[in-house]
>>> print(open('start06.txt').read())   # compact mmCIF, C-alpha atoms
# COMPACT_ATOMS: atom_id res chain seq x y z
CA GLN A 1 83.37 15.11 145.27
CA VAL A 2 81.90 16.83 142.23
CA GLN A 3 79.00 19.26 142.32
CA LEU A 4 76.76 19.78 139.29
CA VAL A 5 74.52 22.79 138.72
CA GLU A 6 72.00 22.56 135.88
CA SER A 7 70.08 25.37 134.23
CA GLY A 8 67.99 26.09 131.16
CA GLY A 9 64.87 23.99 131.55
CA GLY A 10 61.38 25.35 131.06
CA LEU A 11 58.22 25.29 128.99
CA VAL A 12 58.48 25.39 125.21
CA GLN A 13 56.06 24.80 122.36
CA PRO A 14 56.47 21.85 120.00
CA GLY A 15 59.06 22.67 117.37
CA GLY A 16 60.83 25.08 119.68
CA SER A 17 64.32 25.08 121.14
CA LEU A 18 65.97 25.08 124.54
CA ARG A 19 69.56 25.01 125.71
CA LEU A 20 70.53 23.22 128.90
CA SER A 21 73.75 23.93 130.77
CA CYS A 22 75.51 22.00 133.51
CA ALA A 23 78.53 23.36 135.35
CA ALA A 24 80.75 20.99 137.30
CA SER A 25 83.00 21.94 140.19
CA GLY A 26 85.14 20.07 142.67
CA SER A 27 87.46 17.09 142.07
CA ILE A 28 87.59 17.16 138.29
CA PHE A 29 90.55 15.34 136.79
CA GLY A 30 91.64 12.90 134.14
CA ILE A 31 89.58 11.47 131.34
CA ASN A 32 85.96 12.13 132.12
CA VAL A 33 82.55 12.01 130.53
CA MET A 34 79.74 14.52 130.88
CA GLY A 35 76.26 14.16 129.59
CA TRP A 36 72.53 14.20 129.93
CA TYR A 37 69.93 11.63 130.85
CA ARG A 38 66.18 12.16 131.12
CA GLN A 39 63.29 10.60 132.96
CA ALA A 40 59.69 11.03 131.87
CA PRO A 41 56.80 10.35 134.26
CA GLY A 42 56.32 6.63 134.74
CA LYS A 43 59.42 5.73 132.72
CA GLN A 44 62.99 4.76 133.48
CA ARG A 45 65.85 7.19 133.22
CA GLU A 46 67.40 7.01 129.75
CA LEU A 47 70.50 8.27 128.03
CA VAL A 48 70.15 11.41 125.92
CA ALA A 49 73.72 12.30 125.00
CA LEU A 50 77.27 11.98 126.31
CA ILE A 51 80.52 13.74 125.50
CA ALA A 52 83.98 12.71 126.60
CA SER A 53 86.70 15.13 127.64
CA ALA A 54 88.42 14.47 124.29
CA GLY A 55 85.24 15.39 122.42
CA SER A 56 83.72 12.11 121.25
CA THR A 57 79.94 12.02 121.48
CA ASN A 58 77.13 9.50 121.79
CA TYR A 59 73.42 10.18 121.22
CA ALA A 60 70.20 8.31 121.75
CA ASP A 61 68.56 7.47 118.44
CA SER A 62 65.48 9.44 119.44
CA VAL A 63 67.40 12.73 119.56
CA LYS A 64 69.92 12.33 116.73
CA GLY A 65 69.72 15.23 114.31
CA ARG A 66 67.76 17.38 116.78
CA PHE A 67 69.98 17.65 119.86
CA THR A 68 73.63 18.68 120.03
CA ILE A 69 75.89 18.16 123.01
CA SER A 70 79.01 20.23 123.53
CA ARG A 71 81.38 21.12 126.34
CA ASP A 72 83.75 23.83 127.44
CA ASN A 73 86.58 22.09 129.28
CA ALA A 74 87.98 25.38 130.58
CA LYS A 75 84.67 26.01 132.33
CA ASN A 76 83.90 22.34 133.10
CA THR A 77 80.52 22.93 131.56
CA VAL A 78 78.41 20.77 129.26
CA TYR A 79 75.62 22.06 127.07
CA LEU A 80 72.67 20.43 125.37
CA GLN A 81 71.13 22.34 122.49
CA MET A 82 67.68 20.92 121.86
CA ASN A 83 65.92 21.83 118.62
CA SER A 84 62.68 20.66 117.01
CA LEU A 85 61.38 19.66 120.41
CA LYS A 86 58.50 17.21 120.60
CA PRO A 87 55.98 16.54 123.38
CA GLU A 88 57.69 13.19 123.97
CA ASP A 89 60.86 15.07 124.93
CA THR A 90 59.06 16.21 128.08
CA ALA A 91 61.04 14.93 131.07
CA VAL A 92 63.32 15.86 133.90
CA TYR A 93 66.81 16.15 132.42
CA TYR A 94 69.72 15.12 134.62
CA CYS A 95 73.35 16.05 134.15
CA LYS A 96 75.93 13.33 134.77
CA PHE A 97 79.68 13.57 135.36
CA ALA A 98 81.74 10.40 135.34
CA ILE A 99 85.37 9.36 135.64
CA PRO A 100 85.16 5.83 134.24
CA ALA A 101 88.66 4.75 135.27
CA TYR A 102 87.76 5.29 138.92
CA GLY A 103 84.12 4.23 138.76
CA MET A 104 83.02 7.68 139.86
CA ASN A 105 79.57 8.94 138.90
CA TYR A 106 77.85 12.13 139.97
CA TRP A 107 74.37 13.41 139.16
CA GLY A 108 72.75 16.80 139.14
CA LYS A 109 69.37 17.44 140.73
CA GLY A 110 67.60 17.68 137.39
CA THR A 111 65.85 20.36 135.39
CA LEU A 112 62.33 20.03 134.00
CA VAL A 113 61.70 20.39 130.28
CA THR A 114 58.06 20.57 129.23
CA VAL A 115 57.11 20.58 125.56
CA SER A 116 53.48 21.54 125.17
CA SER A 117 51.23 23.89 123.27
>>> encode(input="start06.txt", output="structure tokens")
Amino acid sequence: QVQLVESGGGLVQPGGSLRLSCAASGSIFGINVMGWYRQAPGKQRELVALIASAGSTNYADSVKGRFTISRDNAKNTVYLQMNSLKPEDTAVYYCKFAIPAYGMNYWGKGTLVTVSS
């Protein structure tokens, strides 16, 4: 089992910045992927950004150039730096931890990001 604890959500004005963090604990081993998804009201959950344990990254087109994902493997923590936030970035952001070789996927409880003036 893997437990995920997210932090950093909140209310921010358009054009502002927020940094999300997600700390993983438990059965962490091998090649794994950590990342963020988001779900806006009335919409499906969508990928925001992923980062593999070796450092390769993948971003949704809608956040490229504005969001940066990073991780600290020693702390089993993934970060999402969000800049130039837009109202359409408003959503619940979920942390995900996966070990693809074993088909293991774990989700955090989510943290709300609201972009509004």
>>> residues_around(input="start06.txt", residues="range 68-77 of chain A", least_positions_apart="3", cutoff="6 Å", atoms="all atoms listed in the file", output="number ranges by chain")
A: 22-24, 80-81
>>> residues_around(input="start06.txt", residues="Val48 in chain A", least_positions_apart="2", cutoff="7 Å", atoms="all atoms listed in the file", output="JSON, numbers by chain")
{"A": [36, 37, 38, 46, 59, 60]}
>>> write_last_selection(input="start06.txt", atoms="C-alpha atoms", output="short mmCIF file (atom, residue, chain, number, x, y, z; two decimals), in the coordinates of the input")
data_model
loop_
_atom_site.label_atom_id
_atom_site.label_comp_id
_atom_site.auth_asym_id
_atom_site.auth_seq_id
_atom_site.Cartn_x
_atom_site.Cartn_y
_atom_site.Cartn_z
CA TRP A 36 72.53 14.20 129.93
CA TYR A 37 69.93 11.63 130.85
CA ARG A 38 66.18 12.16 131.12
CA GLU A 46 67.40 7.01 129.75
CA TYR A 59 73.42 10.18 121.22
CA ALA A 60 70.20 8.31 121.75
#
>>> residues_around(input="start06.txt", residues="Val115 in chain A", least_positions_apart="4", cutoff="7 Å", atoms="all atoms listed in the file", output="count of residues only")
9
>>> closest_residue(input="start06.txt", among="A:Glu88, A:Gly103, A:Lys96, A:Lys64", to="Pro41 in chain A", atoms="all atoms listed in the file")
A:Glu88
>>> closest_residue(input="start06.txt", among="A:Gly35, A:Gly108, A:Pro100, A:Gly8", to="Asn58 in chain A", atoms="only C-alpha atoms")
A:Gly35
>>> closest_residue(input="start06.txt", among="A:Phe67, A:Phe97, A:Tyr79, A:Trp107", to="Ile28 in chain A", atoms="all atoms listed in the file")
A:Phe97
>>> atom_distance(input="start06.txt", atom1="CA of Ala52 in chain A", atom2="CA of Gln1 in chain A")
18.8 Å
>>> atom_distance(input="start06.txt", atom1="CA of Gly30 in chain A", atom2="CA of Thr111 in chain A")
26.9 Å
>>> closest_residue(input="start06.txt", among="A:Tyr102, A:Ser62, A:Val33, A:Gly15", to="Leu50 in chain A", atoms="all atoms listed in the file")
A:Val33
>>> residues_around(input="start06.txt", residues="Ser21 in chain A", least_positions_apart="5", cutoff="6 Å", atoms="all atoms listed in the file", output="VMD selection string")
chain A and resid 6 to 7 78 to 79
>>> closest_residue(input="start06.txt", among="A:Tyr106, A:Gly9, A:Ser117, A:Leu112", to="Ala40 in chain A", atoms="all atoms listed in the file")
A:Leu112
>>> atom_distance(input="start06.txt", atom1="CA of Ala101 in chain A", atom2="CA of Ile31 in chain A")
7.8 Å
>>> closest_residue(input="start06.txt", among="A:Met82, A:Ala91, A:Leu20, A:Ala98", to="Ile51 in chain A", atoms="all atoms listed in the file")
A:Ala98
>>> residues_around(input="start06.txt", residues="Gln39 in chain A", least_positions_apart="3", cutoff="8 Å", atoms="only C-alpha atoms", output="ChimeraX atom specification")
/A:43-46,91-93
>>> decode(input="start06.txt", residues="range 53-87 of chain A", atoms="N, CA and C atoms", output="PDB file, in the first residue's frame")
ATOM      1  N   SER A  53      10.412   8.246 -12.097  1.00  0.00           N
ATOM      2  CA  SER A  53      11.472   8.221 -11.088  1.00  0.00           C
ATOM      3  C   SER A  53      12.824   8.597 -11.691  1.00  0.00           C
ATOM      4  N   ALA A  54      12.993   8.375 -13.006  1.00  0.00           N
ATOM      5  CA  ALA A  54      14.247   8.748 -13.661  1.00  0.00           C
ATOM      6  C   ALA A  54      14.255  10.202 -14.102  1.00  0.00           C
ATOM      7  N   GLY A  55      13.097  10.882 -14.009  1.00  0.00           N
ATOM      8  CA  GLY A  55      13.054  12.308 -14.281  1.00  0.00           C
ATOM      9  C   GLY A  55      12.336  12.748 -15.545  1.00  0.00           C
ATOM     10  N   SER A  56      11.943  11.835 -16.400  1.00  0.00           N
ATOM     11  CA  SER A  56      11.233  12.247 -17.615  1.00  0.00           C
ATOM     12  C   SER A  56       9.862  12.778 -17.242  1.00  0.00           C
ATOM     13  N   THR A  57       9.389  13.757 -18.011  1.00  0.00           N
ATOM     14  CA  THR A  57       8.133  14.428 -17.691  1.00  0.00           C
ATOM     15  C   THR A  57       7.167  14.419 -18.871  1.00  0.00           C
ATOM     16  N   ASN A  58       5.896  14.619 -18.544  1.00  0.00           N
ATOM     17  CA  ASN A  58       4.847  14.708 -19.554  1.00  0.00           C
ATOM     18  C   ASN A  58       3.828  15.725 -19.056  1.00  0.00           C
ATOM     19  N   TYR A  59       3.434  16.652 -19.932  1.00  0.00           N
ATOM     20  CA  TYR A  59       2.500  17.709 -19.545  1.00  0.00           C
ATOM     21  C   TYR A  59       1.296  17.738 -20.483  1.00  0.00           C
ATOM     22  N   ALA A  60       0.170  18.141 -19.934  1.00  0.00           N
ATOM     23  CA  ALA A  60      -0.975  18.450 -20.785  1.00  0.00           C
ATOM     24  C   ALA A  60      -0.662  19.721 -21.565  1.00  0.00           C
ATOM     25  N   ASP A  61      -1.161  19.794 -22.779  1.00  0.00           N
ATOM     26  CA  ASP A  61      -0.897  20.973 -23.605  1.00  0.00           C
ATOM     27  C   ASP A  61      -1.378  22.253 -22.932  1.00  0.00           C
ATOM     28  N   SER A  62      -2.456  22.148 -22.183  1.00  0.00           N
ATOM     29  CA  SER A  62      -3.061  23.336 -21.575  1.00  0.00           C
ATOM     30  C   SER A  62      -2.205  23.967 -20.489  1.00  0.00           C
ATOM     31  N   VAL A  63      -1.215  23.227 -19.984  1.00  0.00           N
ATOM     32  CA  VAL A  63      -0.397  23.771 -18.891  1.00  0.00           C
ATOM     33  C   VAL A  63       1.067  23.942 -19.280  1.00  0.00           C
ATOM     34  N   LYS A  64       1.441  23.512 -20.477  1.00  0.00           N
ATOM     35  CA  LYS A  64       2.841  23.636 -20.899  1.00  0.00           C
ATOM     36  C   LYS A  64       3.279  25.095 -20.872  1.00  0.00           C
ATOM     37  N   GLY A  65       4.462  25.317 -20.313  1.00  0.00           N
ATOM     38  CA  GLY A  65       4.985  26.673 -20.219  1.00  0.00           C
ATOM     39  C   GLY A  65       4.525  27.426 -18.991  1.00  0.00           C
ATOM     40  N   ARG A  66       3.530  26.895 -18.284  1.00  0.00           N
ATOM     41  CA  ARG A  66       3.023  27.570 -17.076  1.00  0.00           C
ATOM     42  C   ARG A  66       3.256  26.730 -15.821  1.00  0.00           C
ATOM     43  N   PHE A  67       3.141  25.420 -15.957  1.00  0.00           N
ATOM     44  CA  PHE A  67       3.304  24.523 -14.807  1.00  0.00           C
ATOM     45  C   PHE A  67       4.623  23.763 -14.938  1.00  0.00           C
ATOM     46  N   THR A  68       5.230  23.477 -13.787  1.00  0.00           N
ATOM     47  CA  THR A  68       6.451  22.677 -13.761  1.00  0.00           C
ATOM     48  C   THR A  68       6.322  21.601 -12.699  1.00  0.00           C
ATOM     49  N   ILE A  69       6.542  20.362 -13.111  1.00  0.00           N
ATOM     50  CA  ILE A  69       6.516  19.248 -12.161  1.00  0.00           C
ATOM     51  C   ILE A  69       7.935  18.854 -11.818  1.00  0.00           C
ATOM     52  N   SER A  70       8.149  18.512 -10.551  1.00  0.00           N
ATOM     53  CA  SER A  70       9.460  18.062 -10.106  1.00  0.00           C
ATOM     54  C   SER A  70       9.268  17.064  -8.969  1.00  0.00           C
ATOM     55  N   ARG A  71      10.343  16.374  -8.626  1.00  0.00           N
ATOM     56  CA  ARG A  71      10.225  15.410  -7.531  1.00  0.00           C
ATOM     57  C   ARG A  71      11.525  15.309  -6.772  1.00  0.00           C
ATOM     58  N   ASP A  72      11.398  14.936  -5.513  1.00  0.00           N
ATOM     59  CA  ASP A  72      12.533  14.682  -4.643  1.00  0.00           C
ATOM     60  C   ASP A  72      12.439  13.212  -4.271  1.00  0.00           C
ATOM     61  N   ASN A  73      13.259  12.380  -4.915  1.00  0.00           N
ATOM     62  CA  ASN A  73      13.160  10.936  -4.690  1.00  0.00           C
ATOM     63  C   ASN A  73      13.544  10.555  -3.264  1.00  0.00           C
ATOM     64  N   ALA A  74      14.419  11.314  -2.657  1.00  0.00           N
ATOM     65  CA  ALA A  74      14.822  11.006  -1.277  1.00  0.00           C
ATOM     66  C   ALA A  74      13.652  11.204  -0.316  1.00  0.00           C
ATOM     67  N   LYS A  75      12.767  12.123  -0.660  1.00  0.00           N
ATOM     68  CA  LYS A  75      11.605  12.390   0.187  1.00  0.00           C
ATOM     69  C   LYS A  75      10.320  11.768  -0.364  1.00  0.00           C
ATOM     70  N   ASN A  76      10.433  11.097  -1.519  1.00  0.00           N
ATOM     71  CA  ASN A  76       9.245  10.522  -2.177  1.00  0.00           C
ATOM     72  C   ASN A  76       8.139  11.560  -2.311  1.00  0.00           C
ATOM     73  N   THR A  77       8.535  12.719  -2.746  1.00  0.00           N
ATOM     74  CA  THR A  77       7.606  13.841  -2.849  1.00  0.00           C
ATOM     75  C   THR A  77       7.629  14.413  -4.255  1.00  0.00           C
ATOM     76  N   VAL A  78       6.437  14.739  -4.757  1.00  0.00           N
ATOM     77  CA  VAL A  78       6.312  15.376  -6.059  1.00  0.00           C
ATOM     78  C   VAL A  78       5.713  16.767  -5.853  1.00  0.00           C
ATOM     79  N   TYR A  79       6.171  17.690  -6.673  1.00  0.00           N
ATOM     80  CA  TYR A  79       5.728  19.075  -6.583  1.00  0.00           C
ATOM     81  C   TYR A  79       5.136  19.508  -7.923  1.00  0.00           C
ATOM     82  N   LEU A  80       4.206  20.445  -7.840  1.00  0.00           N
ATOM     83  CA  LEU A  80       3.671  21.066  -9.052  1.00  0.00           C
ATOM     84  C   LEU A  80       3.673  22.570  -8.843  1.00  0.00           C
ATOM     85  N   GLN A  81       4.592  23.240  -9.522  1.00  0.00           N
ATOM     86  CA  GLN A  81       4.641  24.700  -9.478  1.00  0.00           C
ATOM     87  C   GLN A  81       3.735  25.225 -10.572  1.00  0.00           C
ATOM     88  N   MET A  82       2.732  25.978 -10.168  1.00  0.00           N
ATOM     89  CA  MET A  82       1.740  26.490 -11.113  1.00  0.00           C
ATOM     90  C   MET A  82       1.850  28.013 -11.180  1.00  0.00           C
ATOM     91  N   ASN A  83       2.208  28.511 -12.328  1.00  0.00           N
ATOM     92  CA  ASN A  83       2.334  29.947 -12.556  1.00  0.00           C
ATOM     93  C   ASN A  83       1.320  30.413 -13.587  1.00  0.00           C
ATOM     94  N   SER A  84       1.104  31.721 -13.638  1.00  0.00           N
ATOM     95  CA  SER A  84       0.186  32.314 -14.616  1.00  0.00           C
ATOM     96  C   SER A  84      -1.159  31.588 -14.604  1.00  0.00           C
ATOM     97  N   LEU A  85      -1.681  31.393 -13.418  1.00  0.00           N
ATOM     98  CA  LEU A  85      -2.917  30.630 -13.276  1.00  0.00           C
ATOM     99  C   LEU A  85      -4.098  31.354 -13.914  1.00  0.00           C
ATOM    100  N   LYS A  86      -4.993  30.551 -14.480  1.00  0.00           N
ATOM    101  CA  LYS A  86      -6.175  31.046 -15.157  1.00  0.00           C
ATOM    102  C   LYS A  86      -7.425  30.509 -14.467  1.00  0.00           C
ATOM    103  N   PRO A  87      -8.548  31.188 -14.606  1.00  0.00           N
ATOM    104  CA  PRO A  87      -9.787  30.660 -14.005  1.00  0.00           C
ATOM    105  C   PRO A  87     -10.091  29.229 -14.441  1.00  0.00           C
TER     106      PRO A  87
END
